[in-house]
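Q: The structure is given below, and queries will be raised subsequently.
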Amino acid sequence: MTSAQDRQPDSSLAIGLCTYKRRPSLERLLEHIAIAVATLGQPATVIVVDNDGSDPEVKKSVDSFAARTGIAANYIIESTPGISAARNAIFDEATRLGVRFMAMIDDDEWPAPGWLVELLKTQSTERAAVVGGPVRPVFPDNAAHLQKYARYWSVQRQFLDGKPFVFCSCNFLIDMQAIANEPRPLFDEKFGLSGGGDTVFFRKLFYRGHPMAWSEGAWIHEEVPQSRAGFKWMRQRRYRVGNHAVRWESIGGKSLRSFAKTLGITARLPLYPLFRREPESVMVGWLLEYDKIRGRWASHFGDVFVEYARPEEPGQKQCR
């Protein structure tokens, strides 16, 4: 472990982010975090976990940010490849620092100025252990036509069993005190290469009775690069969603229940357009539902889709 500003925080708030070979977007994110902290008007600590460590300029960027803004910034190299290891390192550092609340964001995103204000306000009002917020995609200029279908690239409010459910780590605040007794490590290494471990983590918290809430005002932007600005990538993403869903649904001996769900939504597929769940793009919605079901069936037959493998070595790119 190495540290850029290895000191105890001046407040009960930390912002955690993992990064992998994205120094320009990391620098952009840090600048926007500085604005969000200034808007909040109270001290905070930034925890940067680098799941690569080969570029010394990343540490220099974090050091420069801390010196320029006065915001404490702890830089950690996590040598174990995989998003689970990087996320666990963030939580371990937040626990070591003794912070009460931690927000998390991805290195290809940047928050609204009032991001932290809104997360903390909702947490206080709802007394929630976890608060999530929306993610709004930013498409490249030559893919502006995709704005009509932005919902497929976005993160929006979700419910589970009729209650608010935060399901991904790209934009959330967590009460570290509320989860102090949760078994460690928090993120399952079995999902380190494939992704989906954040959903497993949040489902565990949900079913153990930790209340969740949603803050519509705590929005962030996510950059959509050219490689993701198209339905070919989105279809692959929906296939992955279905593939991983079967894996986390089957935890705890519930594989038969997951299989029954796959049978049910497969039988429903011919009628899916009639439900008009995506009224602005009915047939696109149908196609993506089809891809999700394909992914589910592949998982039932033992295929694990790995979206984030590193080309040079077994592993995974971090943060989406």
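Lettering and numbering for the structure tokens are positional, with chains as A, B, ... in the shown order, residues counted from 1 in each chain, and ligands counted from 1 in the shown order.
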Got a sec: who's within 12 Å of A:Asp106, counting only C-alpha atoms, leaving out chain neighbours fewer than 6 positions off, as a ChimeraX atom specification?
A: /A:15-20,22,25-26,28-30,33,47-50,83,86-87,135,168-172,220-223,317-320
Q: Pull the alpha helix (DSSP H) assignments for stretch 22-131 of chain A out of DSSP run on the backbone, and list those residues as a PyMOL selection string.
A: chain A and resi 23-40+56-69+83-97+115-126
Q: Give one line per residue of stretch 102-154 of chain A that approaches stretch 226-232 of chain A to at most 7 Å, naming the two atoms of the closest pair and their distance in Å to one decimal, counting only C-alpha atoms; sort by chain then ascending residue number and deliver it as CSV.
A:
```
residue,atom,partner,partner_atom,distance
A:Phe139,CA,A:Ala229,CA,6.8
A:Pro140,CA,A:Gln226,CA,6.8
A:Ala143,CA,A:Ala229,CA,6.5
```
Q: So the first atom is atom CA of A:Gly196 and the second is atom CA of A:Ala112; what is the distance between them in Å, to one decimal place?
A: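 Interatomic distance here is 25.5 Å.
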Q: So that I can see what lies close to stretch 59-68 of chain A, please list as a list in words the residues with an atom at most 9 Å from it, counting only C-alpha atoms and leaving out residues fewer than 3 positions away in the same chain.
A: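 With the cut-off at 9 Å, the set is Ser3, Ala4, Gln5, Arg23, Leu26, Glu27, Leu30, Glu31, Ala34, Val46, Val48, Asp50, Gly53, Asp55, Pro56, Ile71, Ala72, Ala73, Asn74, Tyr75 and Ile76 of chain A.
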Q: Can you spit out the residues from that selection as a PDB file, in the first residue's frame, using C-alpha atoms?
A:
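Final file, selection-v4.pdb:
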```
ATOM      1  CA  SER A   3      -0.241   6.762   0.176  1.00  0.00           C
ATOM      2  CA  ALA A   4      -0.195  10.234  -1.316  1.00  0.00           C
ATOM      3  CA  GLN A   5      -1.624  11.924   1.763  1.00  0.00           C
ATOM      4  CA  ARG A  23      -5.573   9.095 -15.792  1.00  0.00           C
ATOM      5  CA  LEU A  26      -9.498  10.477 -13.211  1.00  0.00           C
ATOM      6  CA  GLU A  27      -8.073  14.004 -13.203  1.00  0.00           C
ATOM      7  CA  LEU A  30     -10.999  14.847  -9.067  1.00  0.00           C
ATOM      8  CA  GLU A  31     -11.625  18.416 -10.197  1.00  0.00           C
ATOM      9  CA  ALA A  34     -13.299  19.343  -5.388  1.00  0.00           C
ATOM     10  CA  VAL A  46     -10.694  11.066  -1.173  1.00  0.00           C
ATOM     11  CA  VAL A  48      -8.128   6.437  -4.809  1.00  0.00           C
ATOM     12  CA  ASP A  50      -5.320   2.105  -8.469  1.00  0.00           C
ATOM     13  CA  GLY A  53       0.047   0.978 -10.452  1.00  0.00           C
ATOM     14  CA  ASP A  55       1.947   4.703 -14.251  1.00  0.00           C
ATOM     15  CA  PRO A  56       3.670   6.924 -11.641  1.00  0.00           C
ATOM     16  CA  ILE A  71      -8.489  17.906   0.339  1.00  0.00           C
ATOM     17  CA  ALA A  72      -6.893  14.833   1.939  1.00  0.00           C
ATOM     18  CA  ALA A  73      -6.303  12.185  -0.731  1.00  0.00           C
ATOM     19  CA  ASN A  74      -5.087   8.673   0.028  1.00  0.00           C
ATOM     20  CA  TYR A  75      -3.616   6.796  -2.950  1.00  0.00           C
ATOM     21  CA  ILE A  76      -3.460   2.994  -2.746  1.00  0.00           C
TER      22      ILE A  76
END
```
Q: So that I can see what lies close to A:Ser154, please list as a list in words the residues with an atom at most 8 Å from it, counting only C-alpha atoms and leaving out residues fewer than 5 positions away in the same chain.
A: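 Final neighbour list, sorted by chain and number: Pro134, Val135, Arg136 and Pro137 of chain A.
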Q: Any chance you could export the current selection's N, CA, C and O atoms as a JSON list (two decimals), in the first residue's frame?
A:
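Output file part.json is given in full below:
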```json
[["chain", "number", "residue", "atom", "x", "y", "z"],
["A", 134, "PRO", "N", -28.95, 8.92, -9.63],
["A", 134, "PRO", "CA", -28.97, 8.61, -11.06],
["A", 134, "PRO", "C", -27.65, 8.89, -11.77],
["A", 134, "PRO", "O", -26.85, 9.71, -11.32],
["A", 135, "VAL", "N", -27.45, 8.17, -12.86],
["A", 135, "VAL", "CA", -26.30, 8.37, -13.74],
["A", 135, "VAL", "C", -26.83, 8.75, -15.11],
["A", 135, "VAL", "O", -27.68, 8.04, -15.67],
["A", 136, "ARG", "N", -26.34, 9.87, -15.66],
["A", 136, "ARG", "CA", -26.78, 10.36, -16.96],
["A", 136, "ARG", "C", -25.66, 10.22, -17.97],
["A", 136, "ARG", "O", -24.57, 10.76, -17.77],
["A", 137, "PRO", "N", -25.90, 9.51, -19.08],
["A", 137, "PRO", "CA", -24.83, 9.30, -20.06],
["A", 137, "PRO", "C", -24.55, 10.56, -20.86],
["A", 137, "PRO", "O", -25.45, 11.37, -21.12]]
```
Q: Do you have the atom CA of A:Ile293-atom CA of A:Asn243 distance handy?
A: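 Separation of atom CA of A:Ile293 and atom CA of A:Asn243: 8.2 Å.
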Q: Figure out the distance between atom CA of A:Phe201 and atom CA of A:Glu289, please, to one decimal in Å.
A: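 Between these atoms lies a distance of 24.2 Å.
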Q: Closest to A:Ile174 among A:Phe159, A:Leu120, A:Thr125, A:Arg203, using only C-alpha atoms?
A: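 Once distances to A:Ile174 are computed over only C-alpha atoms, the minimum belongs to A:Leu120.
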Q: So which one's closest to A:Phe301, A:Val246, A:Leu173, A:Val37, A:Met104? Using only C-alpha atoms, please.
A: A:Val246
Q: Please provide the set of residues having any atom within 8 Å of A:Pro164, restricted to only C-alpha atoms, with same-chain residues fewer than 6 positions apart removed, written as a ChimeraX atom specification.
A: /A:157-158,212-214
Q: Contacts of A:Pro270 at 12 Å or less, counting only C-alpha atoms, minus same-chain residues fewer than 6 places along, as a list of chain:residue names?
A: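 Contacts, with the query itself left out: A:Gly264, A:Met283, A:Trp286, A:Leu287, A:Glu289, A:Tyr290.
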